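Here is the file my_file27.cif (mmCIF, C-alpha atoms).
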```
data_entry
#
loop_
_atom_site.label_atom_id
_atom_site.label_comp_id
_atom_site.auth_asym_id
_atom_site.auth_seq_id
_atom_site.Cartn_x
_atom_site.Cartn_y
_atom_site.Cartn_z
CA MET Z 1500 86.91 63.40 88.52
CA THR Z 1501 89.95 65.72 88.21
CA SER Z 1502 92.27 64.78 85.34
CA THR Z 1503 95.92 63.84 85.93
CA PRO Z 1504 97.40 67.04 84.40
CA HIS Z 1505 95.14 69.16 86.61
CA ARG Z 1506 96.11 67.16 89.71
CA LEU Z 1507 99.80 67.49 88.87
CA SER Z 1508 99.50 71.23 88.27
CA TRP Z 1509 97.75 71.87 91.58
CA PHE Z 1510 100.31 69.63 93.28
CA THR Z 1511 103.08 71.77 91.77
CA LEU Z 1512 101.40 74.92 93.05
CA ALA Z 1513 101.07 73.38 96.52
CA LEU Z 1514 104.79 72.57 96.57
CA LEU Z 1515 105.65 76.08 95.46
CA GLY Z 1516 103.40 77.51 98.16
CA SER Z 1517 105.10 75.39 100.81
CA PHE Z 1518 108.52 76.42 99.59
CA LEU Z 1519 107.47 80.06 99.68
CA THR Z 1520 106.23 79.73 103.25
CA VAL Z 1521 109.68 78.58 104.32
CA LEU Z 1522 111.41 81.34 102.38
CA LEU Z 1523 109.19 84.11 103.68
CA LEU Z 1524 110.14 83.30 107.29
CA ARG Z 1525 113.66 84.57 106.78
CA GLY Z 1526 113.12 88.12 107.90
CA TRP Z 1527 112.93 89.88 104.54
CA THR Z 1528 111.17 93.22 104.18
CA GLY Z 1529 107.48 93.20 103.33
CA GLN Z 1530 108.25 94.55 99.87
CA THR Z 1531 110.67 91.72 99.12
CA GLN Z 1532 108.24 89.13 100.47
CA LEU Z 1533 105.52 90.45 98.17
CA LEU Z 1534 107.82 90.47 95.14
CA VAL Z 1535 109.00 86.91 95.77
CA LEU Z 1536 105.48 85.66 96.46
CA SER Z 1537 104.04 87.24 93.31
CA SER Z 1538 106.89 85.90 91.15
CA PHE Z 1539 106.48 82.34 92.42
CA LEU Z 1540 102.71 82.51 91.99
CA MET Z 1541 103.12 83.88 88.47
CA PHE Z 1542 105.45 81.02 87.63
CA GLY Z 1543 103.07 78.49 89.19
CA VAL Z 1544 99.92 79.59 87.40
CA CYS Z 1545 101.77 79.91 84.07
CA PHE Z 1546 103.20 76.42 84.49
CA ALA Z 1547 99.75 75.06 85.33
CA SER Z 1548 98.29 76.78 82.27
CA ALA Z 1549 101.09 75.48 80.05
CA SER Z 1550 100.66 71.92 81.32
CA HIS Z 1551 96.97 72.03 80.33
CA LEU Z 1552 97.47 73.79 77.02
CA LEU Z 1553 100.63 72.04 75.80
CA GLY Z 1554 100.80 68.94 77.96
CA LEU Z 1555 102.86 68.40 81.10
CA LYS Z 1556 105.99 67.22 79.26
CA ALA Z 1557 105.98 70.20 76.93
CA ALA Z 1558 105.46 72.57 79.88
CA LEU Z 1559 108.43 70.99 81.66
CA ARG Z 1560 110.59 71.39 78.53
CA PHE Z 1561 109.54 75.03 78.27
CA ALA Z 1562 110.55 75.61 81.89
CA LEU Z 1563 113.82 73.69 81.50
CA ILE Z 1564 114.69 75.88 78.52
CA ALA Z 1565 113.64 79.22 80.01
CA LEU Z 1566 115.01 78.88 83.55
CA PRO Z 1567 118.70 78.14 82.79
CA ILE Z 1568 118.85 80.49 79.80
CA GLY Z 1569 117.21 83.28 81.79
CA TRP Z 1570 119.62 82.71 84.69
CA PHE Z 1571 122.69 82.51 82.41
CA ALA Z 1572 121.80 85.70 80.55
CA GLU Z 1573 121.30 87.63 83.79
CA GLN Z 1574 124.43 86.18 85.40
CA MET Z 1575 126.54 87.14 82.40
CA GLY Z 1576 124.95 90.57 82.36
CA SER Z 1577 125.66 91.12 86.03
CA SER Z 1578 129.22 89.77 85.98
CA HIS Z 1579 130.40 90.69 82.46
CA GLY Z 1580 127.95 93.18 80.98
CA TRP Z 1581 126.71 90.79 78.29
CA PHE Z 1582 123.32 91.20 76.62
CA PHE Z 1583 121.86 93.99 78.79
CA GLY Z 1584 124.85 96.06 79.86
CA LYS Z 1585 126.68 95.99 83.20
CA TYR Z 1586 124.52 96.05 86.33
CA THR Z 1587 124.43 94.76 89.89
CA TYR Z 1588 121.39 93.35 91.69
CA THR Z 1589 120.49 94.74 95.11
CA ASP Z 1590 118.77 92.77 97.89
CA VAL Z 1591 115.29 93.99 96.90
CA LEU Z 1592 114.40 90.87 94.90
CA GLY Z 1593 115.44 88.38 97.58
CA PRO Z 1594 117.85 85.40 97.61
CA ARG Z 1595 120.13 84.70 94.69
CA ILE Z 1596 121.79 81.93 92.76
CA GLY Z 1597 125.16 83.45 91.97
CA ASP Z 1598 124.48 87.12 91.27
CA VAL Z 1599 120.90 86.56 90.10
CA PRO Z 1600 117.79 86.62 92.33
CA ILE Z 1601 115.82 83.36 92.13
CA VAL Z 1602 112.71 85.19 90.97
CA ILE Z 1603 114.34 86.44 87.74
CA PRO Z 1604 114.54 83.09 85.88
CA LEU Z 1605 110.98 82.36 87.06
CA MET Z 1606 109.87 85.62 85.44
CA TRP Z 1607 111.65 84.71 82.21
CA PHE Z 1608 109.59 81.53 81.97
CA ALA Z 1609 106.31 83.27 82.77
CA LEU Z 1610 106.93 86.07 80.28
CA ALA Z 1611 108.13 83.69 77.57
CA TYR Z 1612 105.00 81.58 77.97
CA CYS Z 1613 102.78 84.67 77.85
CA GLY Z 1614 104.61 85.86 74.74
CA TYR Z 1615 104.24 82.45 73.08
CA VAL Z 1616 100.47 82.29 73.64
CA ILE Z 1617 99.76 85.94 72.83
CA ALA Z 1618 101.76 85.80 69.60
CA ASN Z 1619 99.84 82.70 68.48
CA LEU Z 1620 96.49 84.29 69.27
CA ILE Z 1621 97.48 87.41 67.32
CA ALA Z 1622 98.75 85.60 64.23
CA TRP Z 1623 96.68 82.42 64.06
CA GLN Z 1624 93.74 82.89 66.47
CA THR Z 1625 94.90 79.83 68.41
CA PRO Z 1626 96.92 79.67 71.65
CA SER Z 1627 99.38 77.13 70.21
CA ASP Z 1628 100.22 76.56 66.57
CA GLY Z 1629 101.94 73.25 67.35
CA VAL Z 1630 104.73 71.93 65.12
CA THR Z 1631 105.62 74.55 62.50
CA PRO Z 1632 108.02 74.94 59.55
CA VAL Z 1633 111.35 76.61 60.30
CA GLY Z 1634 110.27 79.89 58.70
CA GLN Z 1635 107.16 80.13 60.86
CA THR Z 1636 109.16 79.10 63.90
CA LEU Z 1637 111.53 82.03 63.30
CA THR Z 1638 108.85 84.63 62.64
CA MET Z 1639 106.63 83.55 65.51
CA SER Z 1640 109.58 83.52 67.90
CA PHE Z 1641 110.39 87.07 66.79
CA LEU Z 1642 106.78 88.17 67.35
CA SER Z 1643 106.85 86.59 70.82
CA ALA Z 1644 110.07 88.45 71.60
CA LEU Z 1645 108.41 91.74 70.59
CA VAL Z 1646 105.48 91.06 72.93
CA ILE Z 1647 107.84 90.19 75.80
CA THR Z 1648 110.12 93.20 75.27
CA ALA Z 1649 107.10 95.52 75.17
CA TYR Z 1650 106.73 94.74 78.88
CA ASP Z 1651 110.36 95.64 79.55
CA LEU Z 1652 110.01 99.09 77.98
CA GLY Z 1653 107.98 100.28 80.95
CA VAL Z 1654 109.25 98.06 83.74
CA ASP Z 1655 112.99 98.70 83.39
CA PRO Z 1656 112.96 102.39 84.43
CA TYR Z 1657 110.63 101.53 87.32
CA MET Z 1658 112.82 98.69 88.56
CA VAL Z 1659 116.00 100.79 88.41
CA TYR Z 1660 114.92 104.24 89.56
CA LYS Z 1661 111.85 103.55 91.73
CA LEU Z 1662 112.20 100.04 93.13
CA LYS Z 1663 116.03 100.08 92.97
CA ALA Z 1664 116.10 96.33 92.27
CA TRP Z 1665 119.43 96.70 90.48
CA GLU Z 1666 122.00 99.39 89.77
CA MET Z 1667 123.07 100.10 86.19
CA GLU Z 1668 126.64 101.06 85.47
CA LYS Z 1669 125.49 103.40 82.67
CA LYS Z 1670 122.60 105.70 83.53
CA ASP Z 1671 122.73 108.08 80.57
CA GLY Z 1672 120.85 105.97 78.04
CA TRP Z 1673 118.31 107.38 75.58
CA TRP Z 1674 115.31 105.67 77.22
CA PHE Z 1675 114.71 107.38 80.58
CA GLY Z 1676 118.34 106.67 81.40
CA GLU Z 1677 118.18 103.08 80.15
CA THR Z 1678 120.45 102.04 77.28
CA LEU Z 1679 119.13 100.56 74.06
CA GLN Z 1680 121.48 97.60 74.59
CA GLY Z 1681 119.19 96.36 77.33
CA PHE Z 1682 116.20 96.11 74.99
CA VAL Z 1683 118.28 94.43 72.29
CA GLY Z 1684 119.32 91.92 74.93
CA TRP Z 1685 115.71 91.34 75.94
CA MET Z 1686 114.72 90.74 72.33
CA PHE Z 1687 117.59 88.30 71.84
CA ILE Z 1688 117.11 86.25 75.02
CA ALA Z 1689 113.32 86.14 74.61
CA PHE Z 1690 113.73 85.04 70.99
CA VAL Z 1691 116.21 82.29 71.93
CA ILE Z 1692 113.96 80.88 74.67
CA VAL Z 1693 110.82 80.75 72.52
CA PHE Z 1694 112.72 79.57 69.43
CA LEU Z 1695 114.35 76.66 71.25
CA PHE Z 1696 111.02 75.65 72.77
CA ARG Z 1697 109.38 75.75 69.36
CA LEU Z 1698 112.20 73.65 67.92
CA SER Z 1699 111.65 71.09 70.69
CA LEU Z 1700 108.04 70.69 69.52
CA ARG Z 1701 109.31 69.36 66.18
CA LYS Z 1702 110.53 66.25 68.02
CA TRP Z 1703 107.98 66.18 70.85
CA ALA Z 1704 104.66 67.56 69.64
CA PRO Z 1705 102.48 69.29 72.28
CA ARG Z 1706 99.57 67.33 73.70
CA ALA Z 1707 96.86 69.43 75.30
CA SER Z 1708 94.87 68.12 78.23
CA SER Z 1709 91.55 66.56 77.26
CA SER Z 1710 89.99 68.68 80.00
CA LEU Z 1711 91.30 72.01 78.66
CA LEU Z 1712 89.25 74.91 79.98
CA LEU Z 1713 88.90 78.42 78.63
CA ARG Z 1714 90.46 79.78 81.81
CA ASP Z 1715 93.61 77.72 81.12
CA VAL Z 1716 94.11 79.74 77.93
CA GLN Z 1717 93.12 83.03 79.56
CA VAL Z 1718 95.88 82.80 82.19
CA PRO Z 1719 98.72 84.31 80.09
CA LEU Z 1720 96.41 87.12 78.96
CA TRP Z 1721 95.43 87.87 82.57
CA ILE Z 1722 99.09 87.84 83.62
CA TYR Z 1723 100.15 90.15 80.79
CA GLY Z 1724 97.15 92.39 81.39
CA GLY Z 1725 97.92 92.57 85.10
CA LEU Z 1726 101.51 93.60 84.37
CA MET Z 1727 100.18 96.25 82.00
CA VAL Z 1728 97.77 97.63 84.61
CA PHE Z 1729 100.59 97.79 87.14
CA GLN Z 1730 102.68 99.85 84.74
CA ILE Z 1731 99.75 102.12 83.88
CA THR Z 1732 99.07 102.86 87.55
CA GLN Z 1733 102.57 102.67 89.09
CA GLY Z 1734 104.99 103.28 86.21
CA PHE Z 1735 107.98 105.55 86.76
CA PRO Z 1736 108.69 107.98 85.20
CA VAL Z 1737 105.03 108.79 84.62
CA GLU Z 1738 105.51 108.89 80.83
CA THR Z 1739 105.91 105.11 80.88
CA ARG Z 1740 102.29 104.78 82.02
CA THR Z 1741 101.00 106.11 78.70
CA ILE Z 1742 103.59 104.09 76.79
CA ALA Z 1743 102.50 100.85 78.49
CA THR Z 1744 98.89 101.51 77.52
CA PHE Z 1745 99.79 101.23 73.85
CA VAL Z 1746 102.83 98.97 73.60
CA MET Z 1747 101.26 96.33 75.83
CA GLY Z 1748 97.60 97.17 75.22
CA ILE Z 1749 97.68 96.68 71.45
CA PRO Z 1750 99.07 93.09 71.46
CA LEU Z 1751 96.84 92.21 74.42
CA PHE Z 1752 93.71 93.51 72.67
CA CYS Z 1753 94.59 91.67 69.45
CA ALA Z 1754 95.19 88.46 71.43
CA MET Z 1755 91.81 88.84 73.14
CA LEU Z 1756 90.14 89.07 69.73
CA GLY Z 1757 92.07 85.99 68.61
CA LEU Z 1758 90.97 84.13 71.73
CA GLN Z 1759 87.36 85.06 71.07
CA ARG Z 1760 87.54 83.64 67.55
CA TRP Z 1761 89.33 80.48 68.72
CA HIS Z 1762 86.83 79.92 71.50
CA GLY Z 1763 83.94 80.31 69.10
CA ALA Z 1764 85.42 77.85 66.61
CA LEU Z 1765 86.64 75.14 69.01
CA PRO Z 1766 84.32 73.60 71.64
CA LEU Z 1767 85.78 73.33 75.10
CA ARG Z 1768 84.66 71.25 78.04
CA ALA Z 1769 82.17 73.18 80.15
CA GLU Z 1770 83.71 75.01 83.08
CA ALA Z 1771 83.85 72.79 86.12
CA ALA Z 1772 81.96 73.93 89.14
#
```

Would you kindly transcribe this structure into structure tokens?
Amino acid sequence: MTSTPHRLSWFTLALLGSFLTVLLLRGWTGQTQLLVLSSFLMFGVCFASASHLLGLKAALRFALIALPIGWFAEQMGSSHGWFFGKYTYTDVLGPRIGDVPIVIPLMWFALAYCGYVIANLIAWQTPSDGVTPVGQTLTMSFLSALVITAYDLGVDPYMVYKLKAWEMEKKDGWWFGETLQGFVGWMFIAFVIVFLFRLSLRKWAPRASSSLLLRDVQVPLWIYGGLMVFQITQGFPVETRTIATFVMGIPLFCAMLGLQRWHGALPLRAEAA
């Protein structure tokens, strides 16, 4: 019989799918529909994975930390130039809350969750290190932020100059036209999201589902790997394709080795048919 966390996760995905169906009937371009659909699905599968790995309450806390912080950072960036520099979103990414497309906070949660799991697998060969001392909380949050920002190194030039998802006020930065401020902002916001979630675990410890499957833990690695493959095949300028191979490939490969060791040391329930 399907466990409660699994039922709730699939129910969440069903609700998201229904919501998407309504949204996609609003006459957007095919490109925008695909971007919105993929962002909602990425959020849904990451939330489902988090609810199995950390427990439903912890997954909800993670989302409730990442979504408003991600939205606030982007809103302040768009309206005041905070964190990332001054920029303006176009209509490519779909409907907005304020100046920020809805999909952007969803991406912040998905990336933060991927960074959290990958960092743990790299450092401790476990997808979640649970309640940790303050020093470990700081260092692991920093490692997570590095993993998350590695994704932004390749995707930012693509989003600005190829997809035209937003327009930067300054286009003479040292990184294919992008300013270093943007990457500092990514590091800071990613660190804050993961750090606050980790602090929340000190009061409410994570509780993994008793029916945790290997595929639940593999989800963030598949997501991160898929984003890496996209950059390798579609990155713009083309130099970012080689860069993505290393800056995203190295942490992903190390996390895969950590997952292999964790899986060998900790028995999981057999995969359900």

To verify the selection step, state as a PDB file with C-alpha atoms, in the coordinates of the input which residues the PyMOL selection byres ((chain Z and resi 1698) around 10) yields on this input.
```pdb
ATOM      1  CA  VAL Z1630     104.730  71.930  65.120  1.00  0.00           C
ATOM      2  CA  THR Z1631     105.620  74.550  62.500  1.00  0.00           C
ATOM      3  CA  PRO Z1632     108.020  74.940  59.550  1.00  0.00           C
ATOM      4  CA  VAL Z1633     111.350  76.610  60.300  1.00  0.00           C
ATOM      5  CA  THR Z1636     109.160  79.100  63.900  1.00  0.00           C
ATOM      6  CA  LEU Z1637     111.530  82.030  63.300  1.00  0.00           C
ATOM      7  CA  VAL Z1693     110.820  80.750  72.520  1.00  0.00           C
ATOM      8  CA  PHE Z1694     112.720  79.570  69.430  1.00  0.00           C
ATOM      9  CA  LEU Z1695     114.350  76.660  71.250  1.00  0.00           C
ATOM     10  CA  PHE Z1696     111.020  75.650  72.770  1.00  0.00           C
ATOM     11  CA  ARG Z1697     109.380  75.750  69.360  1.00  0.00           C
ATOM     12  CA  SER Z1699     111.650  71.090  70.690  1.00  0.00           C
ATOM     13  CA  LEU Z1700     108.040  70.690  69.520  1.00  0.00           C
ATOM     14  CA  ARG Z1701     109.310  69.360  66.180  1.00  0.00           C
ATOM     15  CA  LYS Z1702     110.530  66.250  68.020  1.00  0.00           C
ATOM     16  CA  TRP Z1703     107.980  66.180  70.850  1.00  0.00           C
ATOM     17  CA  ALA Z1704     104.660  67.560  69.640  1.00  0.00           C
TER      18      ALA Z1704
END
```

Residue neighbourhood Met1575 in chain Z, 10 Å, only C-alpha atoms, exclusion window fewer than 5 positions, as a compact mmCIF listing (two decimals) with C-alpha atoms, in the frame of the given file:
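File around34.txt, as written:
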```
# COMPACT_ATOMS: atom_id res chain seq x y z
CA TRP Z 1570 119.62 82.71 84.69
CA GLY Z 1580 127.95 93.18 80.98
CA TRP Z 1581 126.71 90.79 78.29
CA PHE Z 1582 123.32 91.20 76.62
CA PHE Z 1583 121.86 93.99 78.79
CA GLY Z 1584 124.85 96.06 79.86
CA LYS Z 1585 126.68 95.99 83.20
CA TYR Z 1586 124.52 96.05 86.33
CA ASP Z 1598 124.48 87.12 91.27
CA VAL Z 1599 120.90 86.56 90.10
```

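Proximity to Thr1625 in chain Z was assessed for Z:Ile1603, Z:Thr1739, Z:Leu1713, Z:Ala1664 counting all atoms listed in the file; the smallest distance is recorded for Z:Leu1713.
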
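For Gly1725 in chain Z, the list of residues within 12 Å, based on only C-alpha atoms and with local chain neighbours fewer than 2 positions off taken out, reads Z:Ser1537, Z:Met1541, Z:Cys1613, Z:Tyr1650, Z:Val1718, Z:Pro1719, Z:Leu1720, Z:Trp1721, Z:Ile1722, Z:Tyr1723, Z:Met1727, Z:Val1728, Z:Phe1729, Z:Gln1730, Z:Ile1731, Z:Thr1732, Z:Gln1733, Z:Ala1743, Z:Thr1744, Z:Met1747, Z:Gly1748, Z:Leu1751.
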
Evaluate the PyMOL selection byres ((chain Z and resi 1552-1557) around 9) and record the selected residues as a PyMOL selection string, following the chain and residue labels used in the document.
chain Z and resi 1504+1507-1508+1546-1551+1558-1562+1626-1627+1629+1696+1699-1700+1703-1708+1711-1712+1715-1716

One-decimal distance in Å that lies between CA of Gly1526 in chain Z and CA of Ala1572 in chain Z
28.8 Å

List the residues matched by the PyMOL selection byres ((chain Z and resi 1594-1596) around 12) in the displayed structure as a PyMOL selection string, ordered by chain and then by residue number.
chain Z and resi 1519+1522-1523+1525-1527+1531-1532+1534-1535+1566-1567+1569-1571+1573-1574+1587-1593+1597-1604

So for range 1631-1634 of chain Z, what box centre and size do we get, axis-aligned, 6 Å extra on each of the six sides, every listed atom, Å to one decimal, as AutoDock Vina command-line options?
```
--center_x 108.5 --center_y 77.2 --center_z 60.6 --size_x 17.7 --size_y 17.3 --size_z 15.8
```

Atom-to-atom span, CA of Phe1687 in chain Z and CA of Ile1647 in chain Z, Å:
10.7 Å

re CA of Gly1757 in chain Z and CA of Leu1620 in chain Z: distance 4.8 Å

For the point (108.7, 91.0, 70.5) in the file's frame, write as number ranges by chain all residues with an atom no more than 12 Å away, counting only C-alpha atoms.
Z: 1610-1611, 1613-1615, 1617-1618, 1637-1652, 1682-1691, 1693, 1746-1747, 1750

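Residue nearest Pro1736 in chain Z, chosen from Z:Gly1681, Z:Gly1653, Z:Gly1763, Z:Gly1576 and counting only C-alpha atoms: Z:Gly1653.
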